[in-house]
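Taking it in order: structure first as structure tokens, then the write-up.
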Amino acid sequence: MIGLADLHTHTTHSDGAHTPEALMRKVVARGIRTLSITDHDTLGAYPEAERWAARLGVHLIPGIEVSAAYQGRDVHLLGYGFDPYQEALQSFVREIQEERIRRNHRILARLEALGCAISWDTVVECASGGSVGRPHIARALVQAGMVKSYQEAFYRYLHDEGPAYVPRTPRPSREVIEAIHAAGGVVVLAHPGARTLEPDVRFWVEQGIDGIEVWHPAHDDALVQYFYELARRYGLCMTGGSDFHGVRPQDEDVLGRYGVSSIHLQNLMNKVEERKHATRH
């Protein structure tokens with residue numbers, strides 16, 4: 001399996017444990033030469049990532065993971081191959097970031113009401129300059145001695161049904177897809193999982209997605225086969241990746257095991273070229 005292109009990873013710019021440099025050194029050691037950093041709702045990793053990709057000989061494909069609304073729930077969409085410096089896309093991402101900040105302040109207010117007051121500055125420090133999310137709030141709780149571990153912070157306060165949880169306000173799916181397409185990129189349905197059935201895929205095809213993430217640690221062999229067949233049926237690109245965060249010890253096991261072969265990578269890049277051509281004309 002060594003040599004796969006890993007198209008789904010995270011850095012300290014969102015909720016990963018590694019800087020772009022550290023991530024790239026790690027994937028190179030695993031034999032990975034094509035990588036996409038798909039941080040949540042931010043493009044902040046790219047200036048540093050591009051420098052290290054050139055230095056280490058990594059083919060870096062621009063990527064992002066964005067939350068979109070679907071039937072009252074939060075679905076993740078992956079964007080690939082876009083211009084990460086396009087002003088319209090950067091503005092769109094800044095708006096999402098502002099909403100994330102408002103949500104994080106609401107989480108801190110709930111924690112304070114529960115007797116766990118931590119400052120915004122402490123949380124920002126835990127994010128090391130990246131996009132702040134629940135993992136950084138969890139680290140701040142550990143740092144303040146209010147919980148013993150990252151896992152305890154989520155178990156007691158921050159999980160999706162937890163007393164400090166505040167739901168996201170995801171963007172309309174069409175809005176996310178159009179923003180990435182306008183920047184010359186393609187859009188892929190991330191880790192669809194067992195809850196996603198063919199009618200759901202039809203909806204996303206009608207919305208304009210270009211692919212499905214087929215290979216992912218959350219997909220067993222049956223799900224891989226299911227989404228492989230759906231992708232073929234609807235003429236969609238097939239992508240995959242480790243969804244590496246590096247937060248838990250078991251995260252190390254996924255690097256080099258999940259991704260796409262050269263033929264699927266080429267299909268994705270062909271679709272990117274089609275999108276770029278359509279954008280220019």
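Note on naming: chains are A, B, ... as they come in the structure tokens, residues start from 1 per chain, ligands start from 1 in the order shown.
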
What's around Arg139 in chain A at 12 Å? Count only C-alpha atoms, leave out sequence neighbours fewer than 2 positions away in its own chain, and write the answer as a PyMOL selection string. chain A and resi 15+17+118+122-128+132-137+141-154+158+247

Selected residues written out with C-alpha atoms, as a PDB file, in the first residue's frame:
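Saved the output as part-v9.pdb:
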ATOM      1  CA  ASP A  15      -7.421  20.248  14.523  1.00  0.00           C
ATOM      2  CA  ALA A  17      -1.313  17.776  16.002  1.00  0.00           C
ATOM      3  CA  ILE A 118     -10.946  29.381  30.504  1.00  0.00           C
ATOM      4  CA  THR A 122      -5.483  30.428  26.303  1.00  0.00           C
ATOM      5  CA  VAL A 123      -7.499  28.593  23.652  1.00  0.00           C
ATOM      6  CA  VAL A 124      -5.854  30.588  20.846  1.00  0.00           C
ATOM      7  CA  GLU A 125      -2.453  29.742  22.314  1.00  0.00           C
ATOM      8  CA  CYS A 126      -3.387  26.036  22.278  1.00  0.00           C
ATOM      9  CA  ALA A 127      -4.257  26.388  18.581  1.00  0.00           C
ATOM     10  CA  SER A 128      -0.711  27.645  17.814  1.00  0.00           C
ATOM     11  CA  VAL A 132      -9.645  27.272  16.709  1.00  0.00           C
ATOM     12  CA  GLY A 133     -11.962  24.335  17.332  1.00  0.00           C
ATOM     13  CA  ARG A 134     -13.107  21.987  20.059  1.00  0.00           C
ATOM     14  CA  PRO A 135      -9.773  20.100  20.175  1.00  0.00           C
ATOM     15  CA  HIS A 136      -8.027  23.309  21.225  1.00  0.00           C
ATOM     16  CA  ILE A 137     -10.654  24.010  23.868  1.00  0.00           C
ATOM     17  CA  LEU A 141      -9.099  22.446  29.747  1.00  0.00           C
ATOM     18  CA  VAL A 142      -6.261  19.974  30.271  1.00  0.00           C
ATOM     19  CA  GLN A 143      -3.729  22.793  30.596  1.00  0.00           C
ATOM     20  CA  ALA A 144      -5.908  24.495  33.221  1.00  0.00           C
ATOM     21  CA  GLY A 145      -6.126  21.269  35.229  1.00  0.00           C
ATOM     22  CA  MET A 146      -9.906  21.029  34.874  1.00  0.00           C
ATOM     23  CA  VAL A 147      -9.710  17.613  33.243  1.00  0.00           C
ATOM     24  CA  LYS A 148      -6.915  15.040  33.176  1.00  0.00           C
ATOM     25  CA  SER A 149      -6.931  14.308  29.458  1.00  0.00           C
ATOM     26  CA  TYR A 150      -8.116  15.430  26.038  1.00  0.00           C
ATOM     27  CA  GLN A 151     -10.462  12.416  25.976  1.00  0.00           C
ATOM     28  CA  GLU A 152     -11.980  13.378  29.333  1.00  0.00           C
ATOM     29  CA  ALA A 153     -12.668  16.911  28.072  1.00  0.00           C
ATOM     30  CA  PHE A 154     -14.743  15.512  25.224  1.00  0.00           C
ATOM     31  CA  LEU A 158     -17.488  18.724  24.425  1.00  0.00           C
ATOM     32  CA  VAL A 247      -3.870  13.433  18.036  1.00  0.00           C
TER      33      VAL A 247
END

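When the distance limit is 6 Å and only C-alpha atoms are what count, the residues near range 190-193 of chain A, minus those fewer than 5 positions from it on the same chain, are His76, Leu77, Leu78 and Glu213 of chain A.
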
With only C-alpha atoms as the counted atoms, please give the residues lying no more than 9 Å from His8 in chain A, apart from itself and same-chain residues fewer than 2 positions off, as a PyMOL selection string. chain A and resi 6+10+35-39+63-65+78+216+239-244+259

Please provide the set of residues having any atom within 9 Å of Glu273 in chain A, restricted to only C-alpha atoms, with same-chain residues fewer than 6 positions apart removed, written as a PyMOL selection string. chain A and resi 81+184-185

For the residues selected in the previous step, produce a file with C-alpha atoms as a short mmCIF file (atom, residue, chain, number, x, y, z; two decimals), in the first residue's frame.
data_model
loop_
_atom_site.label_atom_id
_atom_site.label_comp_id
_atom_site.auth_asym_id
_atom_site.auth_seq_id
_atom_site.Cartn_x
_atom_site.Cartn_y
_atom_site.Cartn_z
CA GLY A 81 -7.14 21.62 -6.88
CA GLY A 184 -11.09 26.20 -10.22
CA GLY A 185 -11.47 23.27 -7.83
#

Residue set, range 114-179 of chain A restricted to helix (DSSP H, G or I), as a VMD selection string: chain A and resid 120 to 126 134 to 143 150 to 158 173 to 179

Output of the above residues as a compact mmCIF listing (two decimals), in the first residue's frame, restricted to C-alpha atoms:
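That gives us result-v7.txt:
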# COMPACT_ATOMS: atom_id res chain seq x y z
CA TRP A 120 -10.04 32.90 24.80
CA ASP A 121 -6.34 33.80 24.76
CA THR A 122 -5.48 30.43 26.30
CA VAL A 123 -7.50 28.59 23.65
CA VAL A 124 -5.85 30.59 20.85
CA GLU A 125 -2.45 29.74 22.31
CA CYS A 126 -3.39 26.04 22.28
CA ARG A 134 -13.11 21.99 20.06
CA PRO A 135 -9.77 20.10 20.17
CA HIS A 136 -8.03 23.31 21.22
CA ILE A 137 -10.65 24.01 23.87
CA ALA A 138 -10.07 20.47 25.14
CA ARG A 139 -6.32 21.10 25.33
CA ALA A 140 -6.96 24.35 27.23
CA LEU A 141 -9.10 22.45 29.75
CA VAL A 142 -6.26 19.97 30.27
CA GLN A 143 -3.73 22.79 30.60
CA TYR A 150 -8.12 15.43 26.04
CA GLN A 151 -10.46 12.42 25.98
CA GLU A 152 -11.98 13.38 29.33
CA ALA A 153 -12.67 16.91 28.07
CA PHE A 154 -14.74 15.51 25.22
CA TYR A 155 -16.38 12.83 27.36
CA ARG A 156 -17.50 15.26 30.06
CA TYR A 157 -18.18 18.48 28.15
CA LEU A 158 -17.49 18.72 24.42
CA SER A 173 -24.29 23.02 0.24
CA ARG A 174 -24.74 24.85 -3.06
CA GLU A 175 -22.84 27.85 -1.68
CA VAL A 176 -19.85 25.71 -0.69
CA ILE A 177 -19.75 23.88 -4.02
CA GLU A 178 -20.03 27.06 -6.08
CA ALA A 179 -17.25 28.79 -4.12

As a PyMOL selection string, list the residues of range 136-256 of chain A assigned to strand (DSSP E) by DSSP on the backbone atoms of this structure. chain A and resi 171-172+186-189+211-215+237-240

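Restricting the calculation to only C-alpha atoms, the smallest distance between Val260 in chain A and any of A:Leu4, A:Ala113, A:Leu236, A:Val201 is found for A:Leu4.
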
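The residue set within 12 Å of His18 in chain A, counting only C-alpha atoms and dropping same-chain residues fewer than 3 places from it, reads Thr9, His10, Thr11, Thr12, His13, Ser14, Asp15, Glu21, Ala22, Leu23, Met24, Arg25, Lys26, Val27, Ile37, Asp39, Ala45, Ala49, Ala127, Ser128, Gly130, Phe244, His245, Gly246, Val247, Arg248, Asp251 and Glu252 of chain A.
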
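Separating CA of Asp41 in chain A from CA of Gln97 in chain A is a distance of 6.7 Å.
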
Selection: 10 Å around Pro47 in chain A, only C-alpha atoms, excl. self and same-chain fewer than 3 positions, as a CSV table (one decimal) with C-alpha atoms, in the first residue's frame:
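Contents of the output file result-v6.csv:
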chain,number,residue,atom,x,y,z
A,20,PRO,CA,2.7,21.3,7.8
A,43,LEU,CA,-6.4,27.6,4.0
A,44,GLY,CA,-3.8,28.8,6.5
A,50,GLU,CA,4.1,24.9,-0.3
A,51,ARG,CA,7.6,25.8,0.8
A,52,TRP,CA,8.1,22.4,2.5
A,84,PRO,CA,-5.9,28.8,-2.5
A,85,TYR,CA,-5.0,32.4,-3.0

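Shortest separation to Arg257 in chain A among A:Arg55, A:Pro217, A:Leu89, A:Val187 occurs at residue A:Pro217, atoms counted being only C-alpha atoms.
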
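Distances to Ile212 in chain A were evaluated for A:Val224, A:Ile263, A:Val66, A:Leu56 using only C-alpha atoms, and the minimum falls at A:Val224.
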
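Across the model, the gap from CA of Ala109 in chain A to CA of Tyr70 in chain A is 27.6 Å.
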
Arg30 in chain A proximity check over A:Leu108, A:Ala5, A:Arg102, A:Arg275, using only C-alpha atoms: winner is A:Ala5
